[in-house]
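Scroll down for the structure; my scribbles are underneath it.
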Amino acid sequence: MIRTILHQLWNQRRQNGWIFLELLVVSFFLWTVIDPIYVLTANRAIDRGYNPEGLYVVNIGMYDATNGNFNPDMASDSMNLVAYHRIARIVREQPEVECWSISANQSFPNSNSWSGTQVFADTASLHKKEGYVHSQWYNFITLDGSNMLRTYGMKDVRTGDDIRLPEQTQGKVFISELLALRLFGTADAVGKKVYEDDEPSEVAGVFRDFKHRDYEQPYPLIVHMYDDMHGSPYMAWMYPFVIRLKSGVDESAFIQRFQQEVGSQLSIGNFYFESLKKFSDMSEAYAMASGVTNKLRLQYALTGFALLCIFLGMVGTFWIRSNARREEIGVMRSIGASQRCIVRQFLIEAWLLLTTAFVLVIPFLLYNAYISGMYAVEMNRYFVPNPEYWQNRFGFHFSIVLIISYLILLIIALIGTYIPVVRAARTLPADALRNE
Amino acid sequence: MIRNYFRQAWTLVRQHKLFTGIYVVGTGLSIALVMTLFIIFYVKSGPVYPEYNRNRTLVVKPIKRYPKGKPENWTINGGMAYYVIDEMLADLPHVELVAGSMFDSWENYQVSATGVKPFKAVPRFANEDFWKLFSFRFIEGHPFTQEDVEAKSPVAVVSESLAGRLFATVEGVTGRHFSFNGRDYRVCGVVQDVSNATPETAGDLWLPLLNAQHIRKELDRMGLLGNVYAYLLVDDKANIEKVRSEVQDVFRRYSQQDKDYEYDLMGQPDIYWLSTFRQDLDKVPDTMDLAKDFLYILLALLFIPALNLSGMISSRMDSRISELGLRKAYGATRRCLLEQVLCENLLLTLLGGLVGLVFSYLIVLTASDWILTLFDKNIYDTSLSTSFTVEMLFNPAVFGIALAVCVVLNVVSALVPALYALRHTITESLNSKK
């Protein structure tokens with residue numbers, strides 16, 4: 001049978017030529033279009049390292065001198081500090097709140113802020129300024145039970161349990177698994193010293209890798225703790241609150257109550273309640289603002305376009321070809337070939353056509369991937385890709401996108417072939433042979 | 001003659017419904033996507049309300065500052081200091097206007113009026129030249145003046161819809177008072193709404209530039225860094241390069257006399273359309289890279305469907321070879337037959353083009369919230385809505401490009417199969433089919 005099919009393909013090479021050319025072009029195009037979709041989806045699938053359910057950010061605003069509500073008598077740093085402490089207490093004492101954190105400098109996932117530092121494992125490398133690990137930092141204030149690790153649901157890397165804050169937090173830090181591995185070659189780093197300046201900090205715990213942004217990969221992270229806030233005109237920006245709701249709380253009722261009742265109570269001094277934002281909404285907003293959502297939309301649209309073209313091309317080509325070969329189909333059916341057998345023959349033809357085109361394109365795709373690189377989410381110039389993730393390994397990354405493109409293309413091409421062919425195969429031998 | 005071709009084509013259309021269907025959908029798809037791209041670029045860089053002078057406008061947004069000799073320790077703010085538009089760029093040769101504006105969508109600005117609860121509004125702060133450079137349509141009243149800007153007068157130009165929300169009317173609003181961030185303001189003019197499709201001018205209300213927080217007439221420790229964007233109207237398109245190097249000279253001279261800091265314009269001022277591609281704050285946009293990306297997409301959008309169409313035209317030509325042979329036998333020239341084939345296909349392509357254009361309008365209108373930012377990497381969240389106006393969608397440029405794309409698609413897809421079919425001699429052609 002294969003020989004007959006190969007014969008057919010060769011004899012009709014001119015009619016097949018256009019669709020073959022199109023398959024070549026689309027195979028190449030499809031790989032390049034699916035590449036970003038694969039990387040973004042794979043990044044998204046990496047565990048976040050925290051639990052976003054029931055997490056909210058309470059943002060506080062502050063009137064400045066250009067605002068009519070500004071009260072100059074309440075504008076001193078000490079007055080601000082007193083007012084802000086009162087606000088903090090109101091927020092944390094809400095009955096729905098299970099735990100809370102004063103996450104300094106917008107230290108929460110999908111915030112607009114990203115702060116980095118150089119972390120050293122010993123003083124020798126610190127003084128030579130080399131051998132450091134570039135790391136993101138989060139800060140929080142350990143005041144009145146404010147606990148970032150518990151609120152976000154960060155887990156201990158070894159036990160998988162919640163992380164307990166030490167009695168004494170001064171001079172201690174928590175670090176992520178990735179940072180521990182890069183600094184010490186092991187995740188077992190509790191008690192070791194890390195340096196950001198001459199004053200060392202002791203590692204109080206190692207938590208599971210943490211993603212600041214959903215479509216990016218985990219970055220080394222270090223969490224600092226401070227005892228108290230500082231009064232300043234930037235307090236509202238410096239110290240947003242993150243709260244986790246108790247399980248079973250009706251979230252929409254909470255949001256409504258908070259905005260209507262609690263919001264007005266937070267207008268103290270020159271501060272006012274600005275917004276209550278859900279973690280999942282912030283994640284969506286960040287994906288939109290950073291262009292990821294649009295990138296995905298564009299790539300999906302282009303994939304759809306390429307596939308639709310192939311579908312139309314296959315339908316068109318095989319419609320014409322199966323019509324032109326009605327006589328042949330008639331003969332085959334009259335000597336006992338089943339409908340299924342005829343359809344199978346055409347499907348194998350389509351598969352051979354597609355597979356040959358696809359295989360021919362692979363060297364060009366490889367060359368292209370070597371020359372212009374494959375898609376990667378740009379983070380910053382210090383970013384070191386973690387080879388644990390497949391999307392960071394050339395061979396895996398290339399092949400996975402290749403397989404995905406091939407399978408999708410195959411399914412669409414076979415559907416496009418099946419529709420016209422099954423119609424042609426259904427004709428009765430007598431009808432088909434009348435043309436002879 | 002051409003009428004004849006079209007008549008024949010129309011008969012073929014009716015006879016071969018499937019062929020027509022696939023052909024029209026194929027072309028339509030290609031044209032819909034190409035036109036969507038074109039509309040995005042047209043709205044972003046063509047002359048649309050109120051930014052009619054874009055082709056003569058140079059833009060400077062954030063600039064970079066670093067301690068002398070340490071370019072890696074740079075700082076970038078949201079824009080520049082007011083001093084830059086007020087003193088440094090004033091009176092440059094060939095520059096007619098120096099507009100400055102500041103847009104702040106982060107801050108929570110509230111407006112209210114008697115009997116109207118406070119609600120969020122998005123202000124834009126501007127100087128006098130801003131009103132001259134951009135052609136706002138005033139429904140009533142007039143813009144504020146440079147004296148208002150310098151005196152920090154509590155006056156504002158409001159958009160039609162904001163006027164409606166504050167005063168329940170858009171007429172006779174000039175002179176009425178409302179509250180902006182707790183301060184009393186007087187309306188000095190009402191303008192037709194500006195869509196967020198023109199992000200350099202969009203806003204709910206416009207206020208004197210020096211009324212904005214953190215903006216001062218004098219330089220402070222941040223030097224030339226600040227939050228103001230500058231727009232320069234050049235007297236003639238031919239002088240754009242001249243003005244660009246003049247502006248760069250001004251900054252170079254300033255850096256030379258500054259003891260501590262060096263300033264870097266990062267390739268600015270940009271001609272308006274280029275400024276819309278400035279995505280990374282600290283990098284000069286790589287125009288070659290951008291062009292390559294767009295060309296790749298454009299070629300794919302045109303050529304993949306073209307291959308499809310070629311395949312179909314080629315198989316249809318096969319069944320018509322005898323007809324072509326007959327025409328040749330009666331003296332039709334090659335050129336004449338080629339014309340016929342291209343004309344016939346053009347009818348189908350135009351049909352597809354029409355479907356595609358309508359489809360691209362549908363795409364743009366249903367995705368109006370985000371479609372203009374499709375290629376952007378930093379999208380500033382604003383509560384302003386993006387609406388498309390008639391002039392953005394129905395204009396000669398859009399129709400012209402749609403037609404050109406049709407013709408290109410037609411020629412690309414029909415030429416090769418037609419030439420191939422015409423290659424045969426008369427006898428061959430006549431014998432080709434029973």
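Residue numbers start at 1 in each chain; chains themselves are named A, B, ... in the order of the structure tokens; ligands are numbered from 1 in the order shown.
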Check: which chain A residues lie within 7 Å of chain B using only C-alpha atoms, as a ChimeraX atom specification: /A:15,18-19,22,66-69,289-291,294-295,309,312-313,316-317
Residues of region 58-174 of chain B in strand (DSSP E or B), written as number ranges by chain: B: 58-60, 64-67, 75-76, 79-80, 95-103, 110-113, 116-120, 123-126, 138-141, 155-159
Output file for the selection above: N, CA and C atoms, as a compact mmCIF listing (two decimals), in the first residue's frame:
# COMPACT_ATOMS: atom_id res chain seq x y z
N LEU B 58 8.60 66.14 17.93
CA LEU B 58 9.68 65.37 18.55
C LEU B 58 9.35 65.19 20.03
N VAL B 59 9.69 64.02 20.56
CA VAL B 59 9.30 63.70 21.93
C VAL B 59 10.52 63.37 22.77
N VAL B 60 10.58 63.92 23.98
CA VAL B 60 11.60 63.50 24.95
C VAL B 60 10.88 63.07 26.21
N LYS B 64 18.40 59.77 31.38
CA LYS B 64 19.24 59.04 32.33
C LYS B 64 20.27 59.99 32.94
N ARG B 65 20.55 59.81 34.23
CA ARG B 65 21.60 60.60 34.86
C ARG B 65 22.54 59.67 35.60
N TYR B 66 23.84 59.93 35.50
CA TYR B 66 24.78 59.12 36.28
C TYR B 66 25.95 59.97 36.75
N PRO B 67 26.56 59.57 37.89
CA PRO B 67 27.71 60.32 38.37
C PRO B 67 28.82 60.24 37.31
N THR B 75 20.36 56.73 37.14
CA THR B 75 19.04 56.94 37.72
C THR B 75 18.13 57.44 36.61
N ILE B 76 16.92 56.92 36.59
CA ILE B 76 15.93 57.41 35.63
C ILE B 76 14.65 57.71 36.40
N GLY B 79 10.37 61.36 34.03
CA GLY B 79 10.51 62.28 32.91
C GLY B 79 11.62 63.27 33.20
N MET B 80 11.37 64.55 32.89
CA MET B 80 12.41 65.57 33.12
C MET B 80 11.87 66.66 34.03
N VAL B 95 12.22 75.49 16.21
CA VAL B 95 11.23 74.89 17.10
C VAL B 95 10.12 75.91 17.33
N GLU B 96 8.91 75.57 16.92
CA GLU B 96 7.81 76.52 17.06
C GLU B 96 7.22 76.50 18.46
N LEU B 97 7.08 75.30 19.01
CA LEU B 97 6.42 75.19 20.31
C LEU B 97 7.14 74.15 21.16
N VAL B 98 7.17 74.39 22.47
CA VAL B 98 7.71 73.39 23.40
C VAL B 98 6.61 73.07 24.40
N ALA B 99 5.90 71.99 24.16
CA ALA B 99 4.82 71.61 25.07
C ALA B 99 5.37 70.69 26.14
N GLY B 100 4.80 70.83 27.33
CA GLY B 100 5.21 69.92 28.41
C GLY B 100 3.96 69.38 29.06
N SER B 101 4.02 68.11 29.45
CA SER B 101 2.86 67.60 30.19
C SER B 101 3.32 66.52 31.16
N MET B 102 2.48 66.31 32.15
CA MET B 102 2.76 65.25 33.11
C MET B 102 1.49 64.46 33.33
N PHE B 103 1.64 63.16 33.31
CA PHE B 103 0.48 62.28 33.44
C PHE B 103 0.76 61.36 34.59
N GLN B 110 -9.20 62.62 43.21
CA GLN B 110 -10.65 62.62 43.36
C GLN B 110 -11.24 63.96 42.95
N VAL B 111 -12.37 63.92 42.25
CA VAL B 111 -13.08 65.17 41.93
C VAL B 111 -14.50 65.08 42.48
N SER B 112 -15.09 66.24 42.78
CA SER B 112 -16.48 66.26 43.22
C SER B 112 -17.05 67.65 42.96
N ALA B 113 -18.36 67.73 42.97
CA ALA B 113 -19.01 69.03 42.81
C ALA B 113 -20.22 69.04 43.75
N VAL B 116 -22.47 66.08 44.16
CA VAL B 116 -21.90 64.91 43.49
C VAL B 116 -20.81 64.33 44.39
N LYS B 117 -20.93 63.05 44.70
CA LYS B 117 -19.95 62.38 45.57
C LYS B 117 -18.59 62.35 44.90
N PRO B 118 -17.50 62.38 45.68
CA PRO B 118 -16.17 62.32 45.06
C PRO B 118 -15.99 61.04 44.25
N PHE B 119 -15.35 61.14 43.10
CA PHE B 119 -15.01 59.95 42.32
C PHE B 119 -13.64 60.15 41.70
N LYS B 120 -13.08 59.04 41.21
CA LYS B 120 -11.71 59.09 40.71
C LYS B 120 -11.68 59.69 39.30
N PRO B 123 -6.11 63.15 35.85
CA PRO B 123 -5.73 64.48 35.36
C PRO B 123 -4.47 64.41 34.51
N ARG B 124 -4.30 65.40 33.67
CA ARG B 124 -3.04 65.60 32.97
C ARG B 124 -2.65 67.04 33.24
N PHE B 125 -1.39 67.23 33.58
CA PHE B 125 -0.91 68.58 33.87
C PHE B 125 -0.15 69.07 32.64
N ALA B 126 -0.38 70.34 32.25
CA ALA B 126 0.20 70.80 30.98
C ALA B 126 0.57 72.28 31.03
N PHE B 138 -12.52 72.65 21.35
CA PHE B 138 -13.18 73.24 22.51
C PHE B 138 -14.67 73.39 22.25
N ILE B 139 -15.48 72.81 23.10
CA ILE B 139 -16.93 72.95 22.97
C ILE B 139 -17.31 74.33 23.50
N GLU B 140 -16.65 74.74 24.56
CA GLU B 140 -16.81 76.12 25.04
C GLU B 140 -15.59 76.50 25.86
N GLY B 141 -15.46 77.80 26.14
CA GLY B 141 -14.35 78.28 26.93
C GLY B 141 -13.03 78.23 26.17
N VAL B 155 -7.45 76.55 37.88
CA VAL B 155 -8.35 76.48 36.73
C VAL B 155 -8.13 75.15 36.01
N ALA B 156 -9.14 74.71 35.30
CA ALA B 156 -9.01 73.40 34.63
C ALA B 156 -9.83 73.35 33.36
N VAL B 157 -9.31 72.60 32.39
CA VAL B 157 -10.10 72.27 31.21
C VAL B 157 -10.64 70.87 31.48
N VAL B 158 -11.93 70.68 31.27
CA VAL B 158 -12.48 69.35 31.55
C VAL B 158 -13.01 68.72 30.26
N SER B 159 -13.07 67.40 30.25
CA SER B 159 -13.60 66.72 29.07
C SER B 159 -15.12 66.74 29.14
So which bits of region 150-310 of chain A end up helix (DSSP H, G or I) when you DSSP the backbone, as a PDB file with C-alpha atoms, in the first residue's frame?
ATOM      1  CA  ARG A 150       3.167  32.587  57.647  1.00  0.00           C
ATOM      2  CA  THR A 151       0.845  35.040  55.911  1.00  0.00           C
ATOM      3  CA  TYR A 152       2.094  34.156  52.416  1.00  0.00           C
ATOM      4  CA  GLU A 177      16.303  27.171  48.392  1.00  0.00           C
ATOM      5  CA  LEU A 178      17.817  28.532  45.190  1.00  0.00           C
ATOM      6  CA  LEU A 179      19.829  31.153  47.081  1.00  0.00           C
ATOM      7  CA  ALA A 180      21.014  28.537  49.594  1.00  0.00           C
ATOM      8  CA  LEU A 181      22.080  26.172  46.800  1.00  0.00           C
ATOM      9  CA  ARG A 182      23.969  28.871  44.946  1.00  0.00           C
ATOM     10  CA  LEU A 183      25.681  30.190  48.072  1.00  0.00           C
ATOM     11  CA  PHE A 184      26.484  26.962  49.900  1.00  0.00           C
ATOM     12  CA  MET A 235       5.131  55.695  55.129  1.00  0.00           C
ATOM     13  CA  ALA A 236       2.014  54.859  53.146  1.00  0.00           C
ATOM     14  CA  TRP A 237       4.095  53.631  50.229  1.00  0.00           C
ATOM     15  CA  MET A 238       6.717  52.024  52.465  1.00  0.00           C
ATOM     16  CA  GLU A 251     -14.742  37.036  50.463  1.00  0.00           C
ATOM     17  CA  SER A 252     -17.173  39.258  48.595  1.00  0.00           C
ATOM     18  CA  ALA A 253     -18.974  40.132  51.833  1.00  0.00           C
ATOM     19  CA  PHE A 254     -15.602  40.913  53.399  1.00  0.00           C
ATOM     20  CA  ILE A 255     -14.549  43.162  50.526  1.00  0.00           C
ATOM     21  CA  GLN A 256     -17.824  45.051  50.707  1.00  0.00           C
ATOM     22  CA  ARG A 257     -17.683  45.438  54.468  1.00  0.00           C
ATOM     23  CA  PHE A 258     -14.043  46.494  54.414  1.00  0.00           C
ATOM     24  CA  GLN A 259     -14.606  49.153  51.784  1.00  0.00           C
ATOM     25  CA  GLN A 260     -17.761  50.538  53.345  1.00  0.00           C
ATOM     26  CA  GLU A 261     -17.052  50.304  57.069  1.00  0.00           C
ATOM     27  CA  VAL A 262     -13.372  49.786  57.697  1.00  0.00           C
ATOM     28  CA  GLY A 263     -12.090  52.074  54.914  1.00  0.00           C
ATOM     29  CA  SER A 264     -13.387  55.239  56.561  1.00  0.00           C
ATOM     30  CA  GLN A 265     -11.893  54.225  59.945  1.00  0.00           C
ATOM     31  CA  PHE A 279      -3.672  38.717  45.083  1.00  0.00           C
ATOM     32  CA  SER A 280      -5.199  36.973  42.071  1.00  0.00           C
ATOM     33  CA  ASP A 281      -6.373  40.314  40.633  1.00  0.00           C
ATOM     34  CA  MET A 282      -2.915  41.778  41.076  1.00  0.00           C
ATOM     35  CA  SER A 283      -1.429  38.806  39.292  1.00  0.00           C
ATOM     36  CA  GLU A 284      -3.739  39.384  36.326  1.00  0.00           C
ATOM     37  CA  ALA A 285      -3.099  43.112  36.365  1.00  0.00           C
ATOM     38  CA  TYR A 286       0.653  42.585  36.357  1.00  0.00           C
ATOM     39  CA  ALA A 287       0.473  40.085  33.490  1.00  0.00           C
ATOM     40  CA  MET A 288      -1.502  42.674  31.530  1.00  0.00           C
ATOM     41  CA  ALA A 289       0.742  45.629  32.420  1.00  0.00           C
ATOM     42  CA  VAL A 292       2.547  38.989  28.907  1.00  0.00           C
ATOM     43  CA  THR A 293      -1.203  38.770  28.416  1.00  0.00           C
ATOM     44  CA  ASN A 294      -0.940  40.581  25.089  1.00  0.00           C
ATOM     45  CA  LYS A 295       2.030  38.490  24.027  1.00  0.00           C
ATOM     46  CA  LEU A 296       0.014  35.332  24.650  1.00  0.00           C
ATOM     47  CA  ARG A 297      -2.980  36.759  22.803  1.00  0.00           C
ATOM     48  CA  LEU A 298      -0.799  37.587  19.808  1.00  0.00           C
ATOM     49  CA  GLN A 299       0.874  34.177  19.778  1.00  0.00           C
ATOM     50  CA  TYR A 300      -2.443  32.354  20.097  1.00  0.00           C
ATOM     51  CA  ALA A 301      -3.908  34.450  17.290  1.00  0.00           C
ATOM     52  CA  LEU A 302      -0.946  33.698  15.011  1.00  0.00           C
ATOM     53  CA  THR A 303      -1.112  29.978  15.870  1.00  0.00           C
ATOM     54  CA  GLY A 304      -4.822  29.970  15.074  1.00  0.00           C
ATOM     55  CA  PHE A 305      -4.144  31.785  11.830  1.00  0.00           C
ATOM     56  CA  ALA A 306      -1.455  29.326  10.695  1.00  0.00           C
ATOM     57  CA  LEU A 307      -3.593  26.328  11.596  1.00  0.00           C
ATOM     58  CA  LEU A 308      -6.668  27.714   9.884  1.00  0.00           C
ATOM     59  CA  CYS A 309      -4.618  28.293   6.746  1.00  0.00           C
ATOM     60  CA  ILE A 310      -3.367  24.713   6.811  1.00  0.00           C
TER      61      ILE A 310
END
Neighbour list for Tyr254 (chain B) as a list in words, cut-off 9 Å, only C-alpha atoms, skip fewer than 6 positions in-chain: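 Surrounding residues, per the criterion: Met88, Glu262 and Tyr263 of chain B.
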For Tyr138 (chain A), the nearest of the candidates A:Ser115, A:Tyr63, A:Thr356, A:Asp35, counting only C-alpha atoms: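 So, comparing all the options, the nearest one is A:Ser115.
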Nearest to Trp131 (chain B) by atom-to-atom distance, counting only C-alpha atoms, from B:Ala163, B:Leu207, B:Leu281, B:Leu357: B:Leu207
Distance query Val359 (chain A) at most 12 Å, only C-alpha atoms, self and fewer than 3 positions along chain excluded, as a PyMOL selection string: chain A and resi 23-24+27-28+351-356+362-366+402-403+405-406
Output N, CA and C atoms for every residue in the selection just made, as a PDB file, in the first residue's frame.
ATOM      1  N   LEU A  23       3.079  23.710   3.778  1.00  0.00           N
ATOM      2  CA  LEU A  23       3.404  22.940   4.983  1.00  0.00           C
ATOM      3  C   LEU A  23       4.811  23.267   5.479  1.00  0.00           C
ATOM      4  N   LEU A  24       5.735  23.453   4.528  1.00  0.00           N
ATOM      5  CA  LEU A  24       7.102  23.827   4.915  1.00  0.00           C
ATOM      6  C   LEU A  24       7.087  25.145   5.681  1.00  0.00           C
ATOM      7  N   SER A  27       5.223  24.932   9.053  1.00  0.00           N
ATOM      8  CA  SER A  27       5.960  24.186  10.085  1.00  0.00           C
ATOM      9  C   SER A  27       6.962  25.104  10.766  1.00  0.00           C
ATOM     10  N   PHE A  28       7.681  25.881   9.968  1.00  0.00           N
ATOM     11  CA  PHE A  28       8.673  26.804  10.530  1.00  0.00           C
ATOM     12  C   PHE A  28       7.979  27.863  11.382  1.00  0.00           C
ATOM     13  N   TRP A 351      -0.397  12.418   5.753  1.00  0.00           N
ATOM     14  CA  TRP A 351       0.584  12.302   6.839  1.00  0.00           C
ATOM     15  C   TRP A 351       2.019  12.321   6.280  1.00  0.00           C
ATOM     16  N   LEU A 352       2.211  11.584   5.172  1.00  0.00           N
ATOM     17  CA  LEU A 352       3.543  11.541   4.566  1.00  0.00           C
ATOM     18  C   LEU A 352       3.974  12.927   4.098  1.00  0.00           C
ATOM     19  N   LEU A 353       3.022  13.614   3.469  1.00  0.00           N
ATOM     20  CA  LEU A 353       3.291  14.948   2.959  1.00  0.00           C
ATOM     21  C   LEU A 353       3.737  15.878   4.102  1.00  0.00           C
ATOM     22  N   LEU A 354       2.937  15.851   5.179  1.00  0.00           N
ATOM     23  CA  LEU A 354       3.210  16.722   6.317  1.00  0.00           C
ATOM     24  C   LEU A 354       4.527  16.355   6.978  1.00  0.00           C
ATOM     25  N   THR A 355       4.725  15.057   7.218  1.00  0.00           N
ATOM     26  CA  THR A 355       5.917  14.638   7.947  1.00  0.00           C
ATOM     27  C   THR A 355       7.188  14.969   7.147  1.00  0.00           C
ATOM     28  N   THR A 356       7.141  14.732   5.847  1.00  0.00           N
ATOM     29  CA  THR A 356       8.323  15.063   5.040  1.00  0.00           C
ATOM     30  C   THR A 356       8.629  16.556   5.154  1.00  0.00           C
ATOM     31  N   ILE A 362      13.265  20.965  10.108  1.00  0.00           N
ATOM     32  CA  ILE A 362      13.975  20.895  11.400  1.00  0.00           C
ATOM     33  C   ILE A 362      15.386  21.520  11.367  1.00  0.00           C
ATOM     34  N   PRO A 363      16.224  21.224  10.360  1.00  0.00           N
ATOM     35  CA  PRO A 363      17.550  21.857  10.358  1.00  0.00           C
ATOM     36  C   PRO A 363      17.480  23.383  10.349  1.00  0.00           C
ATOM     37  N   PHE A 364      16.513  23.933   9.613  1.00  0.00           N
ATOM     38  CA  PHE A 364      16.381  25.393   9.583  1.00  0.00           C
ATOM     39  C   PHE A 364      15.961  25.928  10.945  1.00  0.00           C
ATOM     40  N   LEU A 365      15.066  25.176  11.599  1.00  0.00           N
ATOM     41  CA  LEU A 365      14.625  25.600  12.925  1.00  0.00           C
ATOM     42  C   LEU A 365      15.785  25.571  13.909  1.00  0.00           C
ATOM     43  N   LEU A 366      16.593  24.523  13.816  1.00  0.00           N
ATOM     44  CA  LEU A 366      17.744  24.397  14.706  1.00  0.00           C
ATOM     45  C   LEU A 366      18.713  25.559  14.493  1.00  0.00           C
ATOM     46  N   LEU A 402       9.028  21.397  19.326  1.00  0.00           N
ATOM     47  CA  LEU A 402       8.943  20.686  18.051  1.00  0.00           C
ATOM     48  C   LEU A 402       7.798  19.668  18.083  1.00  0.00           C
ATOM     49  N   ILE A 403       7.750  18.908  19.173  1.00  0.00           N
ATOM     50  CA  ILE A 403       6.710  17.872  19.276  1.00  0.00           C
ATOM     51  C   ILE A 403       5.321  18.509  19.328  1.00  0.00           C
ATOM     52  N   SER A 405       4.377  21.397  18.145  1.00  0.00           N
ATOM     53  CA  SER A 405       4.007  21.952  16.830  1.00  0.00           C
ATOM     54  C   SER A 405       3.595  20.831  15.887  1.00  0.00           C
ATOM     55  N   TYR A 406       4.376  19.743  15.907  1.00  0.00           N
ATOM     56  CA  TYR A 406       4.098  18.638  14.983  1.00  0.00           C
ATOM     57  C   TYR A 406       2.729  18.044  15.251  1.00  0.00           C
TER      58      TYR A 406
END
Å distance separating CA of Thr174 (chain B) from CA of Val187 (chain B), one decimal place: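 Pair CA of Thr174 (chain B) / CA of Val187 (chain B) returns 5.1 Å.
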Shell of 8 Å around Phe271 (chain A), only C-alpha atoms, local chain residues under 6 positions omitted, as a ChimeraX atom specification: /A:60-63,83-84,236
Distance of CA of Tyr185 (chain B) from CA of Gly115 (chain B), expressed in Å to one decimal place: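 Computing it gives 15.7 Å between the two atoms.
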Shortest interatomic distance to Leu415 (chain B) - which of B:Thr36, B:Thr386, B:Asn345, B:Ser429, counting only C-alpha atoms: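 Nearest to Leu415 (chain B): B:Asn345.
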